[in-house]
file my_file.csv (CSV, C-alpha atoms)
chain,number,residue,atom,x,y,z
A,493,MET,CA,107.8,8.4,-11.4
A,494,LEU,CA,104.5,6.7,-11.8
A,495,ASP,CA,104.3,3.7,-14.1
A,496,ASP,CA,102.4,0.5,-14.4
A,497,ASN,CA,104.3,-1.3,-11.6
A,498,LEU,CA,101.7,-1.5,-8.9
A,499,PRO,CA,104.0,-1.7,-5.9
A,500,THR,CA,105.8,1.5,-7.0
A,501,ILE,CA,102.6,3.3,-7.5
A,502,LEU,CA,101.4,2.2,-4.0
A,503,GLU,CA,104.6,3.5,-2.4
A,504,VAL,CA,104.2,6.9,-4.0
A,505,VAL,CA,100.5,7.2,-3.1
A,506,GLU,CA,101.1,6.1,0.5
A,507,GLN,CA,103.9,8.7,0.8
A,508,VAL,CA,101.3,11.3,-0.2
A,509,LYS,CA,98.8,10.1,2.3
A,510,GLU,CA,101.2,9.8,5.2
A,511,SER,CA,103.0,13.1,4.6
A,512,ALA,CA,103.1,15.4,7.6
A,513,GLU,CA,103.0,18.4,5.4
A,514,ARG,CA,99.8,20.5,5.3
A,515,LEU,CA,100.2,21.0,1.5
A,516,ILE,CA,101.2,18.0,-0.5
A,517,GLU,CA,102.0,18.5,-4.2
A,518,LEU,CA,102.5,15.6,-6.6
A,519,ASP,CA,104.6,16.6,-9.6
A,520,ALA,CA,103.1,15.0,-12.7
A,521,SER,CA,105.0,16.9,-15.3
A,522,ALA,CA,106.8,13.8,-16.6
A,523,VAL,CA,103.7,11.6,-16.6
A,524,VAL,CA,102.5,10.7,-20.1
A,525,THR,CA,100.1,8.0,-19.3
A,526,LEU,CA,98.6,6.4,-16.2
A,527,GLN,CA,97.4,2.9,-15.9
A,528,PRO,CA,93.9,2.4,-14.5
A,529,ALA,CA,95.2,1.3,-11.1
A,530,ALA,CA,97.3,4.4,-10.8
A,531,VAL,CA,94.4,6.7,-11.6
A,532,CYS,CA,92.2,5.0,-9.0
A,533,LEU,CA,95.0,5.1,-6.3
A,534,ILE,CA,95.7,8.8,-6.8
A,535,ALA,CA,92.0,9.7,-6.6
A,536,SER,CA,91.7,7.5,-3.4
A,537,ALA,CA,94.7,9.2,-1.9
A,538,ALA,CA,93.3,12.7,-2.8
A,539,ARG,CA,90.2,11.9,-0.8
A,540,THR,CA,92.1,10.6,2.2
A,541,VAL,CA,94.4,13.6,2.3
A,542,ARG,CA,91.5,16.0,2.0
A,543,ASP,CA,89.5,14.2,4.7
A,544,SER,CA,92.5,14.6,7.0
A,545,GLY,CA,92.3,18.4,6.6
A,546,LYS,CA,95.3,18.7,4.3
A,547,VAL,CA,95.6,20.1,0.8
A,548,PHE,CA,96.6,17.9,-2.1
A,549,GLN,CA,97.6,19.3,-5.5
A,550,ILE,CA,98.8,17.7,-8.7
A,551,ARG,CA,101.1,19.9,-10.7
A,552,GLN,CA,101.3,19.9,-14.5
A,553,LEU,CA,99.1,16.9,-15.2
A,554,ASN,CA,98.5,16.8,-18.9
A,555,GLU,CA,95.1,17.6,-20.4
A,556,HIS,CA,94.5,14.0,-21.5
A,557,LEU,CA,94.8,12.7,-17.9
A,558,GLN,CA,93.0,15.4,-16.1
A,559,PRO,CA,89.4,14.3,-17.0
A,560,LEU,CA,90.1,10.8,-15.6
A,561,LEU,CA,91.0,12.1,-12.2
A,562,LEU,CA,88.3,14.7,-12.2
A,563,ARG,CA,85.7,12.0,-13.0
A,564,LEU,CA,86.9,10.2,-9.9
A,565,ASP,CA,87.3,13.2,-7.7
A,566,PRO,CA,85.9,16.6,-9.0
A,567,ALA,CA,87.6,18.3,-6.0
A,568,ILE,CA,91.1,17.4,-7.0
A,569,GLN,CA,93.3,20.5,-7.4
A,570,ILE,CA,95.3,20.6,-10.6
A,571,THR,CA,98.0,23.4,-10.8
A,572,GLY,CA,100.5,24.5,-13.4
A,573,ALA,CA,98.3,23.5,-16.4
A,574,PRO,CA,95.1,24.7,-18.0
A,575,ARG,CA,92.1,22.8,-16.5
A,576,ALA,CA,90.8,20.4,-19.1
A,577,ALA,CA,87.1,19.9,-19.9
A,578,LEU,CA,85.4,17.1,-18.1
A,579,SER,CA,84.9,14.7,-21.0
A,580,ASP,CA,85.3,11.1,-21.9
A,581,PRO,CA,87.4,9.9,-24.9
A,582,LYS,CA,85.9,9.4,-28.2
A,583,PRO,CA,86.2,6.3,-30.5
A,584,GLY,CA,89.6,6.4,-32.2
A,585,GLU,CA,91.3,7.9,-29.1
A,586,ASP,CA,93.2,6.0,-26.5
A,587,ALA,CA,90.3,5.2,-24.2
A,588,THR,CA,90.5,5.2,-20.5
A,589,VAL,CA,87.2,5.8,-18.7
A,590,ALA,CA,86.8,6.2,-15.0
A,591,ARG,CA,84.0,6.5,-12.5
A,592,VAL,CA,83.6,6.6,-8.7
A,593,VAL,CA,80.8,4.8,-7.0
A,594,ILE,CA,79.9,6.2,-3.6
A,595,THR,CA,76.7,4.1,-2.7
A,596,ALA,CA,75.7,0.6,-3.4
A,597,GLY,CA,72.6,1.9,-5.2
A,598,ASP,CA,74.6,3.6,-7.9
A,599,ALA,CA,76.9,0.6,-8.6
A,600,ASN,CA,74.8,-1.2,-11.2
A,601,ALA,CA,74.3,1.9,-13.3
A,602,ALA,CA,78.0,2.8,-13.2
A,603,VAL,CA,79.1,-0.7,-14.1
A,604,ASN,CA,76.8,-0.8,-17.1
A,605,GLU,CA,77.8,2.6,-18.3
A,606,LEU,CA,81.4,1.7,-18.3
A,607,ALA,CA,81.0,-1.6,-20.0
A,608,ASN,CA,78.8,-0.1,-22.7
A,609,TYR,CA,81.1,2.8,-23.2
A,610,ILE,CA,84.2,0.7,-23.6
A,611,ALA,CA,82.4,-1.5,-26.1
A,612,ARG,CA,82.3,1.6,-28.4
A,613,PHE,CA,86.1,1.5,-28.6
A,614,ILE,CA,86.3,-2.0,-30.0
A,615,PRO,CA,88.0,-1.7,-33.4
A,616,LYS,CA,85.5,-2.0,-36.3
A,617,GLU,CA,87.1,-5.2,-37.6
A,618,ASP,CA,86.5,-6.9,-34.3
A,619,GLU,CA,83.0,-5.7,-33.7
A,620,GLU,CA,80.4,-8.2,-34.0
A,621,GLU,CA,77.2,-7.4,-35.7
A,622,MET,CA,74.9,-5.8,-33.2
A,623,VAL,CA,73.3,-8.9,-31.9
A,624,GLN,CA,69.7,-9.1,-30.8
A,625,ASP,CA,69.2,-12.7,-30.0
A,626,GLN,CA,66.0,-14.5,-29.0
A,627,TYR,CA,66.4,-13.2,-25.5
A,628,GLY,CA,66.5,-9.6,-26.5
A,629,LEU,CA,70.2,-9.1,-25.8
A,630,LEU,CA,71.9,-6.2,-27.6
A,631,ILE,CA,75.7,-6.3,-27.4
A,632,HIS,CA,78.6,-5.1,-29.6
A,633,HIS,CA,81.0,-7.8,-28.5
A,634,ALA,CA,81.0,-10.6,-26.0
A,635,ILE,CA,83.6,-8.7,-23.9
A,636,GLN,CA,80.8,-6.3,-22.9
A,637,PRO,CA,79.0,-8.7,-20.6
A,638,ALA,CA,82.4,-10.2,-19.4
A,639,LEU,CA,83.6,-6.7,-18.4
A,640,ALA,CA,80.3,-5.8,-16.8
A,641,HIS,CA,80.4,-9.1,-14.8
A,642,VAL,CA,83.9,-8.5,-13.5
A,643,LEU,CA,83.1,-4.9,-12.6
A,644,SER,CA,79.9,-5.8,-10.9
A,645,GLU,CA,81.6,-8.4,-8.7
A,646,LEU,CA,84.5,-6.1,-7.8
A,647,VAL,CA,82.4,-3.0,-7.1
A,648,ASP,CA,79.8,-5.1,-5.2
A,649,ASN,CA,82.6,-6.4,-3.0
A,650,VAL,CA,83.4,-2.8,-1.9
A,651,PHE,CA,79.9,-2.2,-0.5
A,652,SER,CA,79.4,-5.7,0.8
A,653,HIS,CA,82.7,-6.3,2.5
A,654,ALA,CA,84.9,-3.1,2.8
A,655,ALA,CA,82.7,-1.1,5.1
A,656,THR,CA,83.3,-1.3,8.9
A,657,ALA,CA,82.7,0.9,11.9
A,658,GLN,CA,86.2,2.4,11.3
A,659,PHE,CA,85.7,2.8,7.5
A,660,PRO,CA,82.0,3.4,7.2
A,661,ASN,CA,81.8,4.9,3.8
A,662,PRO,CA,84.3,3.4,1.3
A,663,HIS,CA,84.3,4.6,-2.2
A,664,ALA,CA,84.8,2.4,-5.2
A,665,TYR,CA,87.2,3.9,-7.8
A,666,ILE,CA,86.9,2.2,-11.2
A,667,ALA,CA,89.0,2.7,-14.4
A,668,VAL,CA,89.0,0.7,-17.6
A,669,GLN,CA,91.5,1.2,-20.4
A,670,SER,CA,91.1,0.0,-24.0
A,671,TYR,CA,93.8,0.4,-26.6
A,672,PRO,CA,93.3,1.4,-30.2
A,673,THR,CA,95.3,-1.6,-31.4
A,674,GLY,CA,95.4,-5.1,-30.0
A,675,ASP,CA,92.8,-6.7,-27.8
A,676,LEU,CA,94.1,-5.8,-24.3
A,677,LEU,CA,91.8,-4.3,-21.7
A,678,ARG,CA,93.0,-3.1,-18.3
A,679,VAL,CA,90.6,-2.9,-15.4
A,680,ALA,CA,91.1,-1.6,-11.9
A,681,VAL,CA,88.8,-1.3,-8.9
A,682,VAL,CA,90.3,0.4,-5.8
A,683,ASP,CA,88.5,1.0,-2.5
A,684,ASP,CA,89.5,2.9,0.6
A,685,GLY,CA,87.8,0.6,3.0
A,686,CYS,CA,89.0,-1.8,5.7
A,687,GLY,CA,91.1,-4.1,3.5
A,688,LEU,CA,90.9,-7.8,3.0
A,689,GLN,CA,92.4,-8.9,6.3
A,690,ALA,CA,90.0,-6.8,8.4
A,691,SER,CA,87.1,-7.9,6.2
A,692,LEU,CA,87.9,-11.6,6.6
A,693,ARG,CA,88.3,-11.2,10.4
A,694,ALA,CA,84.7,-12.3,10.6
A,695,LEU,CA,85.6,-15.8,9.6
A,696,ASP,CA,84.7,-17.6,12.8
A,697,GLU,CA,87.0,-20.5,12.9
A,698,ASP,CA,90.2,-19.3,11.3
A,699,PRO,CA,90.7,-15.6,10.5
A,700,PRO,CA,93.7,-14.8,8.3
A,701,ARG,CA,96.9,-13.9,10.2
A,702,SER,CA,98.5,-11.7,7.6
A,703,HIS,CA,97.6,-9.6,4.6
A,704,PHE,CA,99.1,-12.1,2.3
A,705,GLU,CA,97.0,-14.9,3.8
A,706,ALA,CA,93.9,-12.7,3.5
A,707,ALA,CA,94.7,-11.9,-0.2
A,708,SER,CA,95.2,-15.5,-0.9
A,709,ARG,CA,92.1,-16.8,0.9
A,710,ALA,CA,89.8,-14.1,-0.5
A,711,PHE,CA,90.3,-15.8,-3.9
A,712,GLN,CA,89.3,-19.2,-2.6
A,713,PRO,CA,85.8,-20.3,-3.4
A,714,PHE,CA,83.2,-20.0,-0.7
A,715,THR,CA,85.3,-17.7,1.4
A,716,SER,CA,83.7,-14.4,2.3
A,717,SER,CA,83.4,-12.0,5.2
A,718,LYS,CA,79.7,-13.1,5.2
A,719,SER,CA,80.1,-16.9,4.9
A,720,GLY,CA,80.5,-17.8,8.6
A,721,ARG,CA,78.4,-20.6,9.9
A,722,SER,CA,77.1,-18.5,12.7
A,723,MET,CA,75.7,-16.0,10.2
A,724,TYR,CA,71.9,-16.2,9.5
A,725,ALA,CA,71.6,-18.0,6.2
A,726,GLU,CA,69.9,-15.3,4.2
A,727,ARG,CA,72.7,-12.9,5.0
A,728,ARG,CA,75.4,-15.3,4.0
A,729,HIS,CA,77.2,-14.8,0.7
A,730,MET,CA,78.5,-17.6,-1.4
A,731,GLY,CA,82.0,-16.2,-1.5
A,732,LEU,CA,82.5,-16.6,-5.2
A,733,GLY,CA,82.9,-13.0,-6.5
A,734,LEU,CA,86.7,-13.0,-6.6
A,735,PRO,CA,87.1,-16.6,-7.7
A,736,VAL,CA,84.7,-15.9,-10.6
A,737,CYS,CA,86.6,-12.8,-11.6
A,738,ARG,CA,89.8,-14.8,-11.5
A,739,GLU,CA,88.3,-17.6,-13.7
A,740,ILE,CA,87.1,-15.0,-16.2
A,741,CYS,CA,90.6,-13.5,-16.2
A,742,ARG,CA,92.1,-17.0,-16.7
A,743,GLN,CA,89.8,-17.9,-19.6
A,744,LEU,CA,90.6,-14.6,-21.3
A,745,GLY,CA,94.3,-15.3,-21.0
A,746,GLY,CA,94.9,-12.4,-18.6
A,747,ARG,CA,96.6,-11.6,-15.3
A,748,MET,CA,95.2,-10.3,-12.0
A,749,TYR,CA,96.8,-8.3,-9.2
A,750,ALA,CA,95.6,-7.7,-5.7
A,751,ALA,CA,97.1,-5.3,-3.2
A,752,THR,CA,96.0,-4.8,0.4
A,753,GLY,CA,97.9,-3.9,3.6
A,754,ASN,CA,101.5,-4.7,3.0
A,755,ALA,CA,100.7,-7.5,0.4
A,756,TRP,CA,100.9,-7.3,-3.3
A,757,VAL,CA,100.0,-10.5,-5.1
A,758,ARG,CA,100.1,-11.2,-8.8
A,759,ASN,CA,97.9,-14.0,-10.1
A,760,PRO,CA,96.4,-15.0,-6.8
A,761,GLY,CA,95.5,-18.7,-7.0
A,762,MET,CA,96.6,-19.0,-10.6
A,763,GLY,CA,100.2,-19.7,-11.7
A,764,PRO,CA,102.7,-18.3,-11.6
A,765,GLN,CA,101.8,-16.4,-8.5
A,766,GLU,CA,104.1,-13.7,-7.2
A,767,ASP,CA,104.0,-12.2,-3.7
A,768,ARG,CA,105.7,-9.0,-2.8
A,769,THR,CA,105.8,-7.0,0.4
A,770,THR,CA,104.9,-3.3,-0.1
A,771,THR,CA,106.0,-0.5,2.2
A,772,PRO,CA,104.4,1.5,3.4
A,773,PHE,CA,101.0,0.0,4.3
A,774,PHE,CA,98.1,0.4,1.9
A,775,GLN,CA,94.8,1.0,3.6
A,776,GLY,CA,92.1,-0.5,1.3
A,777,THR,CA,92.0,-3.0,-1.5
A,778,ALA,CA,93.2,-2.6,-5.1
A,779,ILE,CA,92.3,-5.2,-7.7
A,780,SER,CA,93.7,-4.9,-11.2
A,781,LEU,CA,93.2,-7.1,-14.2
A,782,GLU,CA,94.5,-7.5,-17.7
A,783,LEU,CA,92.0,-9.2,-20.1
A,784,TYR,CA,92.2,-10.1,-23.7
A,785,ARG,CA,89.0,-9.6,-25.8
A,786,ARG,CA,89.6,-12.3,-28.3
A,787,GLY,CA,89.4,-15.1,-25.8
A,788,VAL,CA,85.8,-14.3,-24.8
A,789,THR,CA,82.9,-16.5,-25.6
A,790,ASN,CA,79.1,-16.2,-25.3
A,791,ARG,CA,79.0,-18.8,-22.6
A,792,LEU,CA,81.7,-17.4,-20.3
A,793,LEU,CA,79.6,-17.5,-17.1
A,794,GLN,CA,78.3,-21.0,-17.7
A,795,ASP,CA,81.8,-22.3,-18.2
A,796,VAL,CA,83.1,-20.5,-15.1
A,797,LEU,CA,80.3,-21.6,-12.8
A,798,ALA,CA,80.7,-25.2,-14.0
A,799,LYS,CA,84.0,-25.2,-12.1
A,800,PHE,CA,82.2,-24.6,-8.8
A,801,SER,CA,78.9,-26.4,-9.1
A,802,GLY,CA,77.5,-29.9,-8.7
A,803,PRO,CA,74.6,-31.5,-10.4
A,804,ALA,CA,71.9,-29.1,-11.7
A,805,ASP,CA,68.7,-28.7,-9.8
A,806,LEU,CA,65.8,-29.4,-12.0
A,807,ARG,CA,63.2,-27.7,-10.0
A,808,LEU,CA,63.5,-24.4,-11.7
A,809,ARG,CA,60.9,-23.4,-14.3
A,810,PHE,CA,62.1,-21.6,-17.4
A,811,THR,CA,59.6,-20.3,-20.1
B,3,MET,CA,51.9,-11.6,-12.2
B,4,THR,CA,54.8,-10.8,-14.4
B,5,ILE,CA,57.7,-8.7,-13.1
B,6,SER,CA,60.4,-7.3,-15.3
B,7,ALA,CA,63.8,-8.1,-13.7
B,8,GLY,CA,65.2,-4.8,-14.8
B,9,PRO,CA,65.0,-1.8,-17.1
B,10,SER,CA,66.2,-3.9,-20.1
B,11,HIS,CA,66.9,-1.1,-22.5
B,12,GLN,CA,69.0,0.7,-20.0
B,13,PHE,CA,71.1,-2.1,-18.5
B,14,LEU,CA,72.8,-5.1,-20.0
B,15,MET,CA,73.9,-6.6,-16.8
B,16,LEU,CA,72.1,-6.9,-13.4
B,17,GLY,CA,75.2,-7.3,-11.3
B,18,THR,CA,74.9,-6.0,-7.8
B,19,ARG,CA,73.2,-7.2,-4.7
B,20,ALA,CA,71.5,-3.8,-4.2
B,21,ALA,CA,69.8,-4.3,-7.6
B,22,ALA,CA,68.8,-7.8,-6.6
B,23,ALA,CA,67.3,-6.8,-3.3
B,24,ASP,CA,65.0,-4.4,-5.1
B,25,LEU,CA,63.8,-7.2,-7.4
B,26,ARG,CA,63.4,-9.7,-4.5
B,27,ASP,CA,61.2,-7.2,-2.6
B,28,GLN,CA,58.9,-7.0,-5.6
B,29,VAL,CA,58.7,-10.7,-6.0
B,30,GLU,CA,58.1,-11.3,-2.3
B,31,ALA,CA,55.3,-8.7,-2.3
B,32,GLY,CA,53.6,-10.7,-5.1
B,33,LEU,CA,54.1,-13.9,-3.3
B,34,ASP,CA,52.5,-12.4,-0.2
B,35,GLU,CA,49.5,-11.7,-2.3
B,36,GLY,CA,49.3,-15.4,-3.2
B,37,CYS,CA,50.4,-14.9,-6.8
B,38,THR,CA,52.6,-17.1,-8.9
B,39,ILE,CA,55.3,-14.8,-10.2
B,40,LYS,CA,56.9,-14.7,-13.6
B,41,VAL,CA,60.2,-12.9,-13.6
B,42,ASP,CA,61.1,-11.6,-17.1
B,43,PHE,CA,64.8,-11.4,-17.9
B,44,LYS,CA,64.4,-10.3,-21.5
B,45,GLY,CA,67.5,-8.4,-22.7
B,46,LEU,CA,69.4,-9.0,-19.5
B,47,LEU,CA,72.3,-10.9,-18.1
B,48,VAL,CA,73.1,-11.4,-14.4
B,49,SER,CA,76.1,-12.0,-12.2
B,50,GLN,CA,76.1,-14.9,-9.8
B,51,SER,CA,76.1,-12.4,-6.9
B,52,PHE,CA,72.9,-10.8,-8.2
B,53,MET,CA,71.2,-14.2,-8.6
B,54,ASP,CA,72.3,-15.2,-5.1
B,55,GLU,CA,70.9,-12.1,-3.5
B,56,PHE,CA,67.7,-12.5,-5.5
B,57,LEU,CA,67.0,-16.1,-5.8
B,58,GLY,CA,69.3,-17.5,-3.1
B,59,VAL,CA,67.8,-15.4,-0.4
B,60,LEU,CA,64.3,-16.3,-1.6
B,61,ILE,CA,65.2,-20.0,-1.1
B,62,ALA,CA,66.9,-19.3,2.2
B,63,ARG,CA,63.8,-17.5,3.5
B,64,HIS,CA,61.1,-19.7,2.0
B,65,GLY,CA,62.8,-23.0,1.2
B,66,PRO,CA,63.1,-24.6,-2.3
B,67,ALA,CA,59.3,-24.8,-2.4
B,68,VAL,CA,59.3,-21.2,-3.4
B,69,LEU,CA,60.4,-22.3,-6.9
B,70,ASP,CA,57.0,-23.8,-7.4
B,71,ARG,CA,55.6,-20.3,-7.4
B,72,VAL,CA,58.3,-18.4,-9.3
B,73,GLU,CA,58.9,-18.8,-13.1
B,74,PHE,CA,61.8,-17.4,-15.1
B,75,LYS,CA,61.0,-16.0,-18.5
B,76,ASN,CA,63.2,-15.2,-21.5
B,77,CYS,CA,66.4,-16.2,-19.8
B,78,HIS,CA,69.6,-16.3,-21.7
B,79,ASP,CA,71.6,-19.4,-21.1
B,80,GLU,CA,74.0,-17.5,-18.9
B,81,VAL,CA,71.0,-16.4,-16.7
B,82,LYS,CA,69.8,-20.0,-16.5
B,83,ALA,CA,73.3,-21.1,-15.5
B,84,ALA,CA,73.4,-18.6,-12.7
B,85,ALA,CA,69.9,-19.6,-11.5
B,86,ARG,CA,70.7,-23.3,-11.6
B,87,PHE,CA,74.0,-22.7,-9.8
B,88,VAL,CA,72.4,-20.7,-7.0
B,89,THR,CA,69.4,-23.0,-6.6
B,90,ASN,CA,71.7,-26.0,-6.3
B,91,LEU,CA,73.8,-24.5,-3.5
B,92,ARG,CA,71.1,-22.7,-1.6
B,93,SER,CA,68.7,-25.6,-1.7
B,94,ARG,CA,71.3,-28.0,-0.4
B,95,GLU,CA,72.2,-25.5,2.4
B,96,TYR,CA,68.5,-25.2,3.3
B,97,GLU,CA,68.0,-28.9,3.5
B,98,GLU,CA,71.1,-29.4,5.6
B,99,PHE,CA,69.9,-26.8,8.0
B,100,GLN,CA,66.5,-28.3,8.2
B,101,ALA,CA,68.0,-31.7,8.8
B,102,SER,CA,70.2,-30.4,11.7
B,103,ALA,CA,67.5,-28.4,13.3
call {"tool": "encode", "arguments": {"input": "my_file.csv", "output": "structure tokens"}}
result
Amino acid sequence: MLDDNLPTILEVVEQVKESAERLIELDASAVVTLQPAAVCLIASAARTVRDSGKVFQIRQLNEHLQPLLLRLDPAIQITGAPRAALSDPKPGEDATVARVVITAGDANAAVNELANYIARFIPKEDEEEMVQDQYGLLIHHAIQPALAHVLSELVDNVFSHAATAQFPNPHAYIAVQSYPTGDLLRVAVVDDGCGLQASLRALDEDPPRSHFEAASRAFQPFTSSKSGRSMYAERRHMGLGLPVCREICRQLGGRMYAATGNAWVRNPGMGPQEDRTTTPFFQGTAISLELYRRGVTNRLLQDVLAKFSGPADLRLRFT
Amino acid sequence: MTISAGPSHQFLMLGTRAAAADLRDQVEAGLDEGCTIKVDFKGLLVSQSFMDEFLGVLIARHGPAVLDRVEFKNCHDEVKAAARFVTNLRSREYEEFQASA
């Protein structure tokens, strides 16, 4: 049954997607909780199955989990249990919030909504005074911008790099989970696009030869599907989205997972890395992170960018 | 001319390239009119991808000289860090391209 072991979840989801049956039913009667990556993967599978002309149903999904999936895919069919109201958790409850982003133009609003919403679940004793500093920033806790930053980079990647002629309209499925005790946050962004290897095929000199190589190289600084030398300069990307997310994760004492094709990688580019081959093949990219709130600082991005930059340019004018 | 970088009471973070392209279009329209542009980041933070799509592309198109006509107002230290980082990389890239052309 579904648990937080990502390769296991991938195998279940891919069985759903590749089933030859016209009606596919997933028995969720024993499922008490779903981790963010699992929620996103199920929603992504539901869309794939529906687009192929089949019917996908989830049987006996409990009322606490239903709103999550319905937020990601309102067309999901839930049977054997009363249909729950579409609502988000309230402070004091176990909080997982989920959103689907279908166009690049909607991404910034969705990311901010999620980061602001999760900030409400920070326990009172950890909440910083609502800060309005000299720059007009209003935040509950420094994790709010850190979370928004990570979500921005991951969701932006979907619309910048996951769309191809074969996969013209990838969706970004996002879920964030905050717990009533402790300082762990779980974050997942899953897309149903072309996957990392296909995305990096545009690397002129040396495209990755396997999904594992693609997953590893995607986390290397200055590597991007849009960083080729032959590309017009203003269309090139710096290739730092995933490395920055990884550094944020590292500074917050967390772990990161990436799955694409037949590759599942834990802690890509940060030790100890673990690689596992998944079967069957996963079409798309899934990025999952565990972050710890208490490691966050108010200068997180400055410290992260310092790892990639050289001497500062003094030509900028700040007033 | 002063342009607000974003709807500051609605968003904390300007994070995506789509949002940056909108801002860049506004700034370039002002530059085309011969104005010096002040971009106000009051109440906002940015991702490095946003800043690259906004400022990095401005530099790629117009060269580092564009910085003589664009001012950054009310920038949190995190925003300044992203701006400096992108300026550094993109200016160097531009100058290398000019040298090889």
call {"tool": "interface_residues", "arguments": {"input": "my_file.csv", "of": "chain A", "to": "chain B", "cutoff": "8 Å", "atoms": "only C-alpha atoms", "output": "MDAnalysis selection string"}}
result
chainID A and resid 596:597 599:601 604 627:630 637 640:641 644:645 648 725:727 729:730 732:733 791:794 797 801:811
call {"tool": "residues_around", "arguments": {"input": "my_file.csv", "residues": "Glu705 of chain A", "least_positions_apart": "4", "cutoff": "10 Å", "atoms": "all atoms listed in the file", "output": "list in words"}}
result
Leu688, Gln689, Pro699, Pro700, Arg701, Arg709, Ala710 and Ala755 of chain A
call {"tool": "write_last_selection", "arguments": {"input": "my_file.csv", "atoms": "C-alpha atoms", "output": "PDB file, in the frame of the given file"}}
result
ATOM      1  CA  LEU A 688      90.900  -7.800   3.000  1.00  0.00           C
ATOM      2  CA  GLN A 689      92.400  -8.900   6.300  1.00  0.00           C
ATOM      3  CA  PRO A 699      90.700 -15.600  10.500  1.00  0.00           C
ATOM      4  CA  PRO A 700      93.700 -14.800   8.300  1.00  0.00           C
ATOM      5  CA  ARG A 701      96.900 -13.900  10.200  1.00  0.00           C
ATOM      6  CA  ARG A 709      92.100 -16.800   0.900  1.00  0.00           C
ATOM      7  CA  ALA A 710      89.800 -14.100  -0.500  1.00  0.00           C
ATOM      8  CA  ALA A 755     100.700  -7.500   0.400  1.00  0.00           C
TER       9      ALA A 755
END
call {"tool": "residues_around", "arguments": {"input": "my_file.csv", "residues": "Gly761 of chain A", "least_positions_apart": "3", "cutoff": "12 Å", "atoms": "all atoms listed in the file", "output": "ChimeraX atom specification"}}
result
/A:704-705,707-713,734-739,741-742,747-750,757-758,764-767
call {"tool": "residues_near_point", "arguments": {"input": "my_file.csv", "point": "(84.8, -12.4, -25.9)", "cutoff": "12 Å", "atoms": "all atoms listed in the file", "output": "PyMOL selection string"}}
result
chain A and resi 611+614+618-620+631-639+675-677+740-741+743-745+783-793
call {"tool": "residues_around", "arguments": {"input": "my_file.csv", "residues": "Ala31 of chain B", "least_positions_apart": "6", "cutoff": "12 Å", "atoms": "all atoms listed in the file", "output": "PyMOL selection string"}}
result
chain B and resi 3+5+24-25+37-39+60
call {"tool": "closest_residue", "arguments": {"input": "my_file.csv", "among": "A:Ala577, A:Ala667, A:Leu561, A:Ile594", "to": "Ala655 of chain A", "atoms": "all atoms listed in the file"}}
result
A:Ile594
call {"tool": "residues_around", "arguments": {"input": "my_file.csv", "residues": "Arg514 of chain A", "least_positions_apart": "6", "cutoff": "8 Å", "atoms": "only C-alpha atoms", "output": "ChimeraX atom specification"}}
result
/A:545-547
call {"tool": "atom_distance", "arguments": {"input": "my_file.csv", "atom1": "atom CA of Val681 of chain A", "atom2": "atom CA of Ile666 of chain A"}}
result
4.6 Å
call {"tool": "residues_around", "arguments": {"input": "my_file.csv", "residues": "Ala538 of chain A", "least_positions_apart": "4", "cutoff": "9 Å", "atoms": "all atoms listed in the file", "output": "PyMOL selection string"}}
result
chain A and resi 508-509+533-534+542-543+547-549+565+567-568
call {"tool": "atom_distance", "arguments": {"input": "my_file.csv", "atom1": "atom CA of Phe773 of chain A", "atom2": "atom CA of Ala512 of chain A"}}
result
15.9 Å
call {"tool": "atom_distance", "arguments": {"input": "my_file.csv", "atom1": "atom CA of Ala694 of chain A", "atom2": "atom CA of Asn754 of chain A"}}
result
19.9 Å
call {"tool": "closest_residue", "arguments": {"input": "my_file.csv", "among": "B:Gly36, B:Gly65, B:Thr4, B:Leu57", "to": "Ala22 of chain B", "atoms": "all atoms listed in the file"}}
result
B:Leu57
call {"tool": "closest_residue", "arguments": {"input": "my_file.csv", "among": "B:Asp34, B:His64, B:Val29, B:Phe56", "to": "Glu97 of chain B", "atoms": "all atoms listed in the file"}}
result
B:His64
